[in-house]
Number of protein chains: 2
Amino acid sequence: MGSTNISIIGAGSAVFSMRLVSDLCKTPGLSGSRVTLMDKDENRLKAVHVLARKLASELGHPIEFVTTKDIEKAVEGADFVINAALVGGHTFLSEIREIGERFGYYRGIDSQEFNMVSDYYTLTNWNQLEFMMKLAKLLETRSPNAWLLLAANPVLEGTTLLKRHTNANVVGFCHGFLALEEICRKLDLEFSKVDWQVAGVNHGIWLNHFSLGGTDAYKILKEKFSENADWRPSNPFDDSFSPAARYMLDFYGLMPIGDTIRNSSWAFHYDIETKKRWYGEPWGGVDSEEGWRWYTDLLGFVVKMFRELAMILEKEPEKSLRGLLKNVASELPEDLAREASTFFNPNIMSGEQHIPFINAIANDEKTRLVVNVLNNGTIRGLPDDIAIEAPAIVSSAGIKMEEIYPDLPERIIKWYLLPRILRMEWALEAFLKKDTSLITEVLFRDPRTKSREQAERAVAEVFRAARKYY
Amino acid sequence: MGSTNISIIGAGSAVFSMRLVSDLCKTPGLSGSRVTLMDKDENRLKAVHVLARKLASELGHPIEFVTTKDIEKAVEGADFVINAALVGGHTFLSEIREIGERFGYYRGIDSQEFNMVSDYYTLTNWNQLEFMMKLAKLLETRSPNAWLLLAANPVLEGTTLLKRHTNANVVGFCHGFLALEEICRKLDLEFSKVDWQVAGVNHGIWLNHFSLGGTDAYKILKEKFSENADWRPSNPFDDSFSPAARYMLDFYGLMPIGDTIRNSSWAFHYDIETKKRWYGEPWGGVDSEEGWRWYTDLLGFVVKMFRELAMILEKEPEKSLRGLLKNVASELPEDLAREASTFFNPNIMSGEQHIPFINAIANDEKTRLVVNVLNNGTIRGLPDDIAIEAPAIVSSAGIKMEEIYPDLPERIIKWYLLPRILRMEWALEAFLKKDTSLITEVLFRDPRTKSREQAERAVAEVFRAARKYY
């Protein structure tokens, strides 16, 4: 394949865009690609452009960058469109959450059983789903052969929606399964040598097999839990060995991976005290008021830092990004400092799967990736027309899902995945019909609802506010 | 077919047994049948025997009655076994309900979304399910060709359980669909001339079509609702035109029939005030403390009355049951007095479908009946291996399910039936594994649960009490 045209929608997310650009520079087969950065926020777009150009140039790779605020222009001629846009941004998430809380819905009405992730709105962010639809429909007509890579949440709802209602080539991605890499590190197992499979739906994936050289690695995993009496999280995301994970492993029979642990039932999320008990002190996991503040503070810090770096580089283009990042490394939290250093390490990819996917398709480089596609019989016991998440071999022939073996346990199908999928169906129907009474009906089935009026008033108020963002 | 052997298990339920015996006497093809009455309560068994013998003799039909307390004897040689037994009886129901209420579970832990019916226990009455299994397994070996007619609740769980785990010829029955007859009466439509179909699961059935001579009877039904502003129930069961029914018709798109109206979401059942608002004053429907007292008082009155009638007839066998029933008619509530008079009316069947079913099978009398059998593709959108309720043509060739046309709306499948079916799966797994931690898990998803401890303590206490009945 010659020059590959890649568009990043919502490219203003600096860390995400830097990861992609860095990965691209480390992928020889994609040398000479053209990258269109699209964001509706001009300042963020400009900053990312400066940084991306600099990163590519310091990595010695000729990437042609184009920036645009126009989505149609971004889509035109693209081979691959990566959608990372969160319509309304964190401002929307906060406003809607706060209204919910005023009406007695702790963590907002979008926090629901098996979907507690604080930026994974399925009930109220119709804008986000609408935008995904618009993008997919644009692709249908403008670039019918292009792939649409969904990076933005909600991946389960979004992928299902677009696969059902458009003809775009959609595939959903989430790096959540990489928590398994971190688990392996803690178990002193070499991730690359482990034989593993995850399966489920986005943010609801389970470690279906896990072995190393014929040895059952689950045994090692369970031993780790039992020696873990005084476990404490190192950060709000550090929950793989939390009491919540342990309970889920015991109850469901398989290890929940990544965001799956956050997505438990209300018994783990009633209030901050409950969250602390299950997700550890002092935050109670990332989906508490304290954990989420930790995360958004960090995000704010990073955004500000990249904006400042971009400003420096604009004024003094001769400075090196690598050098600047080294200078600020001491101010960065450990994980971020490590990540920043990997941008320039030719042997370490970011872990995001978008560029490897593009390389696999464009250059027939058979690659094992964890993707979100319609089930169509892959996971037994789930409907065909819902997006599942599982490993696949990707090549220029397309996506070939791995056989799920053994079948996921009935316990996970009937107590976790099917209830979660019903919530998706409810959310999608409400969105498609723009019917807020369906959202009220969802709240009638919510343990935080004490009266009909509470649900009705919360929904009225939430959608009055949401409308501002339309 | 020659003499048909029919066994009634739990025959001590006088009204139910009288209905069956009366129906039998009015079915010429079943003349000369032998009826085995089985109950473990000797006094109730004796009383029913006296009454049944008398009823048959006054109706001029030669029925041979056998009584036994032994289930194996009851099953041996039977062609049809009707199970009406409620293991533990109302004493069990009340005790378990009261414990639940002490821990904050209004109407007991078995009251659950889409299953509020106060004697339809799916979570705690493992005895009931165990007894059904025992009976079906007995049939497998002792009378493998016999039919097992499930009359006792929970019909959805019971039929599914027995079809999945035994080879008995099981079919479930519920007279709940007859509410449609009452609806027609209120709409001045002749029920026998109406073209109708109900479909769903037991206590969750929906009026799938409804017309009269080519006219859409739904229109008439909806008009009735709109002129019903000052609706009040005549008794706690009178809910077909309640605000709850109206809401369900609007939201789900089809009319809920019979017990389906009781089985709504928590929004209709939070507390007695909510129930009154949706099911009418003064009872708030039959599944409130007040409605249920009305029902159990009535039940107690009827049981006492039949016991007294039996005592009189034992002492003075020359007296006529018909005459005695006439004498007490003035003391009976209107519905019951009407029913008692029909026992002796050769043109009116009770409405219970058991005898018509037996006649259809035994005498190849093609009959349209509403039955509970495994879905196997009958209702699109539901799994194959769950018991659905829908009309069938029954004959000596067996049960031929009617085509469900049109398909049930997605709204009913995804917002009502699938969530209800998941609850069945949870209950059956808990029963099969005798795992109370699964019941606790169900309570974690219950809006009445405010803390983990509440659920755990309620379940421990409930099963401590339930064990007494094992």
# chains A, B, ... in the order shown; residues from 1 in each chain; ligands from 1

call {"tool": "residues_around", "arguments": {"residues": "B:Asp384", "least_positions_apart": "3", "cutoff": "7 Å", "atoms": "only C-alpha atoms", "output": "list in words"}}
result
Leu374, Asn375, Asn376 and Gly377 of chain B

call {"tool": "write_last_selection", "arguments": {"atoms": "C-alpha atoms", "output": "PDB file, in the first residue's frame"}}
result
ATOM      1  CA  LEU B 374     -40.689 -24.420  26.084  1.00  0.00           C
ATOM      2  CA  ASN B 375     -40.435 -21.631  23.560  1.00  0.00           C
ATOM      3  CA  ASN B 376     -38.481 -23.393  20.817  1.00  0.00           C
ATOM      4  CA  GLY B 377     -38.925 -20.536  18.410  1.00  0.00           C
TER       5      GLY B 377
END

call {"tool": "residues_around", "arguments": {"residues": "A:Leu51", "least_positions_apart": "5", "cutoff": "10 Å", "atoms": "only C-alpha atoms", "output": "JSON, numbers by chain"}}
result
{"A": [14, 17, 18, 21, 45, 46, 56, 57, 306, 307, 309, 310, 311, 313, 314, 321]}

call {"tool": "interface_residues", "arguments": {"of": "chain B", "to": "chain A", "cutoff": "7 Å", "atoms": "only C-alpha atoms", "output": "JSON, numbers by chain"}}
result
{"B": [265, 266, 267, 414, 422, 444, 445, 446, 447, 448, 451, 452]}

call {"tool": "write_last_selection", "arguments": {"atoms": "N, CA and C atoms", "output": "mmCIF file, in the first residue's frame"}}
result
data_model
loop_
_atom_site.group_PDB
_atom_site.id
_atom_site.type_symbol
_atom_site.label_atom_id
_atom_site.label_comp_id
_atom_site.auth_asym_id
_atom_site.auth_seq_id
_atom_site.Cartn_x
_atom_site.Cartn_y
_atom_site.Cartn_z
ATOM 1 N N SER B 265 -42.950 -2.772 37.465
ATOM 2 C CA SER B 265 -41.659 -2.457 38.093
ATOM 3 C C SER B 265 -41.881 -1.825 39.464
ATOM 4 N N TRP B 266 -40.793 -1.566 40.174
ATOM 5 C CA TRP B 266 -40.898 -1.005 41.523
ATOM 6 C C TRP B 266 -41.628 0.339 41.554
ATOM 7 N N ALA B 267 -41.594 1.062 40.458
ATOM 8 C CA ALA B 267 -42.239 2.380 40.442
ATOM 9 C C ALA B 267 -43.711 2.294 40.845
ATOM 10 N N LYS B 414 -37.564 -6.559 25.239
ATOM 11 C CA LYS B 414 -36.325 -6.049 25.832
ATOM 12 C C LYS B 414 -36.508 -5.338 27.169
ATOM 13 N N LEU B 422 -34.324 -13.249 32.974
ATOM 14 C CA LEU B 422 -33.046 -13.280 33.692
ATOM 15 C C LEU B 422 -33.280 -13.586 35.168
ATOM 16 N N PHE B 444 -28.561 -7.642 45.973
ATOM 17 C CA PHE B 444 -27.649 -6.524 45.691
ATOM 18 C C PHE B 444 -28.190 -5.671 44.541
ATOM 19 N N ARG B 445 -29.052 -6.272 43.725
ATOM 20 C CA ARG B 445 -29.587 -5.571 42.553
ATOM 21 C C ARG B 445 -31.009 -5.105 42.811
ATOM 22 N N ASP B 446 -31.388 -5.047 44.089
ATOM 23 C CA ASP B 446 -32.761 -4.763 44.500
ATOM 24 C C ASP B 446 -32.811 -3.348 45.072
ATOM 25 N N PRO B 447 -33.756 -2.527 44.625
ATOM 26 C CA PRO B 447 -33.783 -1.137 45.092
ATOM 27 C C PRO B 447 -34.040 -1.003 46.596
ATOM 28 N N ARG B 448 -34.518 -2.053 47.234
ATOM 29 C CA ARG B 448 -34.775 -1.951 48.667
ATOM 30 C C ARG B 448 -33.512 -2.158 49.490
ATOM 31 N N SER B 451 -27.610 -1.595 51.944
ATOM 32 C CA SER B 451 -26.247 -1.988 52.302
ATOM 33 C C SER B 451 -26.110 -3.478 52.104
ATOM 34 N N ARG B 452 -24.876 -3.855 51.898
ATOM 35 C CA ARG B 452 -24.514 -5.248 51.753
ATOM 36 C C ARG B 452 -24.980 -6.087 52.940
#

call {"tool": "residues_around", "arguments": {"residues": "A:Lys137", "least_positions_apart": "2", "cutoff": "9 Å", "atoms": "only C-alpha atoms", "output": "PDB file with C-alpha atoms, in the first residue's frame"}}
result
ATOM      1  CA  MET A 132     -20.710   8.938  15.892  1.00  0.00           C
ATOM      2  CA  MET A 133     -23.690   8.384  13.587  1.00  0.00           C
ATOM      3  CA  LYS A 134     -22.917  11.528  11.621  1.00  0.00           C
ATOM      4  CA  LEU A 135     -19.312  10.471  11.177  1.00  0.00           C
ATOM      5  CA  LEU A 139     -17.847   7.766   5.697  1.00  0.00           C
ATOM      6  CA  GLU A 140     -20.564   5.732   3.984  1.00  0.00           C
ATOM      7  CA  THR A 141     -20.811   8.304   1.227  1.00  0.00           C
ATOM      8  CA  ARG A 142     -17.430  10.022   1.178  1.00  0.00           C
ATOM      9  CA  LEU A 162     -23.051   2.077  14.039  1.00  0.00           C
ATOM     10  CA  THR A 166     -24.853   2.334   9.073  1.00  0.00           C
ATOM     11  CA  ASN A 167     -22.755   0.519   6.482  1.00  0.00           C
ATOM     12  CA  ALA A 168     -19.490   2.002   7.679  1.00  0.00           C
TER      13      ALA A 168
END

call {"tool": "select_by_dssp", "arguments": {"residues": "stretch 160-397 of chain A", "states": "strand (DSSP E)", "output": "ChimeraX atom specification"}}
result
/A:169-172,195-201,204-212,215-216,255-257,367-374,387-395

call {"tool": "residues_around", "arguments": {"residues": "A:Ala466", "least_positions_apart": "6", "cutoff": "9 Å", "atoms": "only C-alpha atoms", "output": "ChimeraX atom specification"}}
result
/A:92,95-96,124-127

call {"tool": "write_last_selection", "arguments": {"atoms": "N, CA, C and O atoms", "output": "short mmCIF file (atom, residue, chain, number, x, y, z; two decimals), in the first residue's frame"}}
result
data_model
loop_
_atom_site.label_atom_id
_atom_site.label_comp_id
_atom_site.auth_asym_id
_atom_site.auth_seq_id
_atom_site.Cartn_x
_atom_site.Cartn_y
_atom_site.Cartn_z
N PHE A 92 -19.53 18.83 30.05
CA PHE A 92 -20.83 18.17 29.95
C PHE A 92 -20.98 17.08 31.01
O PHE A 92 -21.96 17.04 31.75
N GLU A 95 -21.52 18.59 34.47
CA GLU A 95 -22.80 19.28 34.67
C GLU A 95 -23.93 18.26 34.84
O GLU A 95 -24.76 18.37 35.74
N ILE A 96 -23.94 17.26 33.97
CA ILE A 96 -24.99 16.24 34.02
C ILE A 96 -24.89 15.43 35.32
O ILE A 96 -25.90 15.11 35.96
N THR A 124 -27.47 9.90 28.71
CA THR A 124 -27.74 11.31 28.46
C THR A 124 -26.93 11.92 27.33
O THR A 124 -27.35 12.93 26.77
N ASN A 125 -25.79 11.32 26.98
CA ASN A 125 -24.96 12.00 25.97
C ASN A 125 -25.37 11.59 24.55
O ASN A 125 -24.61 10.98 23.80
N TRP A 126 -26.58 11.99 24.20
CA TRP A 126 -27.11 11.72 22.86
C TRP A 126 -26.25 12.40 21.79
O TRP A 126 -26.15 11.92 20.67
N ASN A 127 -25.64 13.51 22.17
CA ASN A 127 -24.73 14.21 21.27
C ASN A 127 -23.59 13.33 20.81
O ASN A 127 -23.16 13.40 19.66
#

call {"tool": "select_by_dssp", "arguments": {"residues": "stretch 134-334 of chain B", "states": "alpha helix (DSSP H)", "output": "PyMOL selection string"}}
result
chain B and resi 134-142+155-165+179-186+217-226+243-252+272-279+289-315+321-328+334

call {"tool": "closest_residue", "arguments": {"among": "B:Phe225, B:Val48, B:Tyr252, B:Thr91", "to": "B:Lys468", "atoms": "only C-alpha atoms"}}
result
B:Thr91

call {"tool": "residues_around", "arguments": {"residues": "stretch 176-182 of chain A", "least_positions_apart": "2", "cutoff": "8 Å", "atoms": "only C-alpha atoms", "output": "list in words"}}
result
Cys174, Cys184, Arg185, Lys186, Phe191, Val198, His203, Ile205, Ser240, Ile257, Gly258, Asp259, Gly351 and Val370 of chain A

call {"tool": "write_last_selection", "arguments": {"atoms": "C-alpha atoms", "output": "PDB file, in the first residue's frame"}}
result
ATOM      1  CA  CYS A 174     -10.235  -0.016  24.178  1.00  0.00           C
ATOM      2  CA  CYS A 184       1.438 -10.157  34.764  1.00  0.00           C
ATOM      3  CA  ARG A 185       4.091  -7.734  35.936  1.00  0.00           C
ATOM      4  CA  LYS A 186       2.791  -8.051  39.489  1.00  0.00           C
ATOM      5  CA  PHE A 191       3.215 -10.975  29.378  1.00  0.00           C
ATOM      6  CA  VAL A 198     -10.232 -12.107  27.190  1.00  0.00           C
ATOM      7  CA  HIS A 203     -15.591  -2.654  29.928  1.00  0.00           C
ATOM      8  CA  ILE A 205     -14.221  -8.485  29.705  1.00  0.00           C
ATOM      9  CA  SER A 240      -6.762  -5.371  39.783  1.00  0.00           C
ATOM     10  CA  ILE A 257      -9.953  -7.320  33.436  1.00  0.00           C
ATOM     11  CA  GLY A 258      -9.387  -3.570  33.446  1.00  0.00           C
ATOM     12  CA  ASP A 259     -12.450  -1.352  33.580  1.00  0.00           C
ATOM     13  CA  GLY A 351      -0.215  -0.017  23.748  1.00  0.00           C
ATOM     14  CA  VAL A 370      -8.468  -7.024  20.980  1.00  0.00           C
TER      15      VAL A 370
END

call {"tool": "atom_distance", "arguments": {"atom1": "atom CA of A:Ser33", "atom2": "atom CA of A:Glu339"}}
result
23.7 Å

call {"tool": "residues_around", "arguments": {"residues": "B:Glu402", "least_positions_apart": "2", "cutoff": "9 Å", "atoms": "only C-alpha atoms", "output": "ChimeraX atom specification"}}
result
/B:197,378,390-393,400,404-405

call {"tool": "residues_around", "arguments": {"residues": "stretch 342-349 of chain A", "least_positions_apart": "4", "cutoff": "6 Å", "atoms": "only C-alpha atoms", "output": "list in words"}}
result
Ser22, Asp23 and Lys26 of chain A

call {"tool": "closest_residue", "arguments": {"among": "B:Ala427, B:Leu408, B:Val117, B:Ile8", "to": "B:Met255", "atoms": "only C-alpha atoms"}}
result
B:Leu408

call {"tool": "closest_residue", "arguments": {"among": "B:Leu123, B:Asn43, B:Gly88, B:Lys315", "to": "B:Thr440", "atoms": "only C-alpha atoms"}}
result
B:Leu123
